[in-house]
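One structure below.
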Amino acid sequence: MSYDGLTFIEPKALYNLLQQATFYSCLSDPNYLLLIDARKKHEFAEDHVLTAKKAPKRENGEFLVPYDAELECKQNIVIYDSNTSEFTDPQAPALLCGCLLWNMGSRNPVQILKGGYEAFSALYPFLRTQKIIYMPREMDEIKPYPVEVLPGFLYLGNWFHGNESYIQKDLKIKAHINVCVEPGTLFAEPGQQRLHIQVEDREDADLFSHFSKACTFIDKHEPAKEAVLVFDYLGISRCVTVVIAYLMHHMHWTLDVAYIYVKNCISTMKPTRNFIKQLSQWEEVLFEKKSTEIDDLLV
């Protein structure tokens with residue numbers, strides 16, 4: 001069997017696909033994501049990933065293209081079964097279904113969830129559901145979680161994420177970095193640690209002088225993998241800048257590598273040119289040279 005057109009997607013990447021948002025969740029856009037559950041009917045009925053649809057089958061067990069799938073319009077197609085992790089079993093349901101959708105006209109590679117439902121649901125049990133049908137208004141009302149930057153450890157979000165108790169509980173957030181002008185959050189878990197970086201989102205704002213302090217704060221929680229949420233009001237500029245600075249420090253990545261990595265986590269990120277310049281200064285401090293042309297990042 002040829003697996004041309006198929007690729008594996010990590011659980012973290014699917015989690016982040018489900019969390020993308022502007023004013024509404026990107027899941028409100030019918031062309032954004034087609035998420036297919038290729039497991040048996042009773043397994044899907046027991047529970048499945050939020051917004052997933054059951055893969056239809058013929059009476060002989062062969063997969064069918066879902067009704068109104070409009071494969072040529074879908075930006076992302078993700079399929080999962082119970083636990084497929086590699087291209088070794090030609091009868092794996094996710095691979096069979098994926099090959100069908102690719103051959104029937106998907107314009108983008110069909111992504112197979114690595115480790116399947118077992119791996120994803122173990123990491124993100126709060127994204128399991130029994131709900132089968134979503135009306136457009138219900139899709140609009142879905143509230144995304146913070147995006148996951150480093151699995152189980154570093155998250156990036158907005159003011160809403162920093163103030164919702166269920167998010168703290170579900171993601172086991174142990175510490176906050178608040179990069180809003182506002183001095184604090186409305187909600188706090190007992191023992192939760194906080195760092196407030198009081199910086200406005202404007203062209204003359206200084207985040208550079210706070211990078212070292214932020215990295216030290218996050219590093220303190222890294223050995224025990226205590227989850228840290230970095231947030232600002234909209235979740236697209238100041239907190240993104242702090243997270244990029246941390247990845248450059250912690251992963252020893254140049255600015256361009258860290259920038260692209262975070263861009264893959266949150267497609268709506270938009271740090272100001274001033275903040276990008278400050279990250280370029282940070283690159284020079286860390287590596288004693290500038291390796292990134294910042295104009296290339298702002299195209």
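The way I read the labels, and the way they are meant: chains A, B, ... in the order of the structure tokens, residue 1 as the first residue of every chain, and ligand 1 as the first ligand shown, with later ones counted on from there.
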
(request) Write out as an MDAnalysis selection string the residues lying within 7 Å of Gly235 in chain A, counting only C-alpha atoms and excluding same-chain residues fewer than 6 positions away. (result) chainID A and resid 156:158

(request) Would you mind listing what lies within 8 Å of range 34-45 of chain A as an NGL selection string, with only C-alpha atoms counted and same-chain residues fewer than 3 positions away left out? (result) :A and (31 or 48 or 51-55 or 69 or 74 or 76-82 or 93-94 or 97 or 130)

Please produce an output containing all heavy atoms for each residue in the selection, written as a compact mmCIF listing (two decimals), in the first residue's frame.
```
# COMPACT_ATOMS: atom_id res chain seq x y z
N ASN A 31 -14.39 24.92 6.90
CA ASN A 31 -13.28 24.47 6.06
C ASN A 31 -11.96 24.37 6.83
O ASN A 31 -10.94 24.01 6.24
CB ASN A 31 -13.09 25.42 4.88
CG ASN A 31 -14.25 25.37 3.91
OD1 ASN A 31 -14.83 24.31 3.69
ND2 ASN A 31 -14.60 26.51 3.33
N HIS A 48 -15.12 10.37 22.24
CA HIS A 48 -14.25 10.69 21.11
C HIS A 48 -13.71 12.11 21.32
O HIS A 48 -14.08 12.81 22.26
CB HIS A 48 -15.00 10.58 19.78
CG HIS A 48 -16.33 11.28 19.79
ND1 HIS A 48 -17.50 10.65 20.15
CD2 HIS A 48 -16.68 12.57 19.54
CE1 HIS A 48 -18.51 11.50 20.09
NE2 HIS A 48 -18.04 12.69 19.73
N THR A 51 -15.43 17.52 18.53
CA THR A 51 -15.79 17.85 17.13
C THR A 51 -15.49 16.74 16.13
O THR A 51 -15.72 16.92 14.94
CB THR A 51 -15.14 19.16 16.64
OG1 THR A 51 -13.74 18.96 16.39
CG2 THR A 51 -15.34 20.30 17.62
N ALA A 52 -15.01 15.57 16.57
CA ALA A 52 -14.72 14.49 15.65
C ALA A 52 -16.00 13.90 15.06
O ALA A 52 -17.05 13.87 15.71
CB ALA A 52 -13.92 13.39 16.34
N LYS A 53 -15.90 13.43 13.82
CA LYS A 53 -17.00 12.75 13.15
C LYS A 53 -16.63 11.28 12.94
O LYS A 53 -15.47 10.96 12.69
CB LYS A 53 -17.29 13.40 11.79
CG LYS A 53 -17.72 14.86 11.89
CD LYS A 53 -17.98 15.44 10.51
CE LYS A 53 -18.44 16.89 10.61
NZ LYS A 53 -18.70 17.47 9.26
N LYS A 54 -17.63 10.42 13.02
CA LYS A 54 -17.39 8.99 12.80
C LYS A 54 -17.17 8.74 11.32
O LYS A 54 -17.93 9.22 10.48
CB LYS A 54 -18.59 8.17 13.29
CG LYS A 54 -18.46 6.67 13.03
CD LYS A 54 -17.46 6.04 13.96
CE LYS A 54 -17.32 4.54 13.67
NZ LYS A 54 -16.52 4.28 12.43
N ALA A 55 -16.12 8.00 10.99
CA ALA A 55 -15.86 7.64 9.59
C ALA A 55 -16.94 6.67 9.12
O ALA A 55 -17.10 5.59 9.71
CB ALA A 55 -14.48 7.01 9.47
N ALA A 69 -18.09 16.12 2.86
CA ALA A 69 -16.72 16.31 3.35
C ALA A 69 -16.02 17.47 2.65
O ALA A 69 -15.22 18.19 3.25
CB ALA A 69 -15.91 15.03 3.18
N LYS A 74 -10.86 21.62 2.54
CA LYS A 74 -10.41 21.51 3.94
C LYS A 74 -8.95 21.91 4.08
O LYS A 74 -8.07 21.42 3.38
CB LYS A 74 -10.62 20.09 4.46
CG LYS A 74 -12.09 19.70 4.58
CD LYS A 74 -12.81 20.55 5.58
CE LYS A 74 -14.26 20.13 5.80
NZ LYS A 74 -15.15 20.49 4.68
N ASN A 76 -7.25 21.39 6.97
CA ASN A 76 -6.63 20.33 7.77
C ASN A 76 -7.56 19.13 7.82
O ASN A 76 -8.75 19.26 8.11
CB ASN A 76 -6.39 20.81 9.21
CG ASN A 76 -5.50 22.05 9.28
OD1 ASN A 76 -4.29 21.95 9.16
ND2 ASN A 76 -6.12 23.21 9.47
N ILE A 77 -7.01 17.96 7.52
CA ILE A 77 -7.75 16.70 7.68
C ILE A 77 -6.92 15.81 8.60
O ILE A 77 -5.75 15.52 8.32
CB ILE A 77 -7.98 15.99 6.34
CG1 ILE A 77 -8.85 16.86 5.42
CG2 ILE A 77 -8.63 14.63 6.56
CD1 ILE A 77 -9.09 16.26 4.05
N VAL A 78 -7.52 15.42 9.73
CA VAL A 78 -6.83 14.59 10.71
C VAL A 78 -7.70 13.36 10.98
O VAL A 78 -8.91 13.47 11.18
CB VAL A 78 -6.59 15.34 12.03
CG1 VAL A 78 -5.88 14.45 13.04
CG2 VAL A 78 -5.78 16.61 11.77
N ILE A 79 -7.06 12.20 10.98
CA ILE A 79 -7.76 10.93 11.20
C ILE A 79 -7.06 10.19 12.34
O ILE A 79 -5.83 10.19 12.44
CB ILE A 79 -7.75 10.05 9.94
CG1 ILE A 79 -8.38 10.82 8.76
CG2 ILE A 79 -8.49 8.75 10.17
CD1 ILE A 79 -8.25 10.10 7.45
N TYR A 80 -7.85 9.56 13.19
CA TYR A 80 -7.27 8.72 14.24
C TYR A 80 -8.05 7.43 14.39
O TYR A 80 -9.24 7.35 14.08
CB TYR A 80 -7.22 9.48 15.58
CG TYR A 80 -8.56 9.82 16.19
CD1 TYR A 80 -9.24 8.90 16.99
CD2 TYR A 80 -9.13 11.07 15.99
CE1 TYR A 80 -10.47 9.23 17.55
CE2 TYR A 80 -10.35 11.40 16.55
CZ TYR A 80 -11.02 10.47 17.34
OH TYR A 80 -12.24 10.77 17.90
N ASP A 81 -7.33 6.40 14.84
CA ASP A 81 -7.97 5.17 15.28
C ASP A 81 -7.56 4.97 16.74
O ASP A 81 -7.32 5.94 17.46
CB ASP A 81 -7.63 3.98 14.37
CG ASP A 81 -6.12 3.77 14.19
OD1 ASP A 81 -5.34 4.24 15.06
OD2 ASP A 81 -5.70 3.15 13.20
N SER A 82 -7.44 3.72 17.17
CA SER A 82 -7.14 3.49 18.59
C SER A 82 -5.70 3.84 18.96
O SER A 82 -5.45 4.53 19.93
CB SER A 82 -7.44 2.04 18.97
OG SER A 82 -8.82 1.80 18.90
N PRO A 93 -7.00 1.03 10.67
CA PRO A 93 -8.15 1.81 10.21
C PRO A 93 -7.80 3.24 9.80
O PRO A 93 -8.29 3.74 8.78
CB PRO A 93 -9.10 1.79 11.41
CG PRO A 93 -8.76 0.53 12.13
CD PRO A 93 -7.28 0.38 11.98
N ALA A 94 -6.96 3.92 10.58
CA ALA A 94 -6.63 5.31 10.26
C ALA A 94 -5.89 5.41 8.92
O ALA A 94 -6.12 6.34 8.15
CB ALA A 94 -5.78 5.92 11.37
N CYS A 97 -8.46 4.68 6.02
CA CYS A 97 -9.33 5.84 5.83
C CYS A 97 -8.55 7.02 5.25
O CYS A 97 -9.03 7.73 4.36
CB CYS A 97 -9.96 6.22 7.17
SG CYS A 97 -11.18 7.54 7.07
N GLN A 130 -18.98 12.97 24.29
CA GLN A 130 -19.92 12.04 23.65
C GLN A 130 -20.80 12.79 22.65
O GLN A 130 -21.62 12.16 21.98
CB GLN A 130 -20.79 11.37 24.72
CG GLN A 130 -20.01 10.42 25.63
CD GLN A 130 -20.91 9.74 26.65
OE1 GLN A 130 -21.85 10.34 27.16
NE2 GLN A 130 -20.61 8.49 26.95
```

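The space separating CA of Asp68 in chain A from CA of Thr22 in chain A comes to 25.3 Å.
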
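The space between CA of Pro146 in chain A and CA of Cys239 in chain A spans 11.5 Å.
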
(request) Identify all residues of range 160-223 of chain A in helix (DSSP H, G or I) (DSSP on the backbone) and supply them as JSON, numbers by chain. (result) {"A": [160, 161, 162, 163, 165, 166, 167, 168, 169, 170, 171, 208, 209, 210, 211, 212, 213, 214, 215, 216, 217, 218, 219]}

(message) List the spatial neighbours of Leu229 in chain A as a list in words - criterion: any atom at most 8 Å away, only C-alpha atoms, same-chain residues fewer than 2 positions off excluded.
(response)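 Near Leu229 in chain A, the qualifying residues are Pro146, Leu154, Tyr155, Leu156, Gly157, Gly162, Ile173, Ala175, His176, Ile177, Ala227 and Phe231 of chain A.
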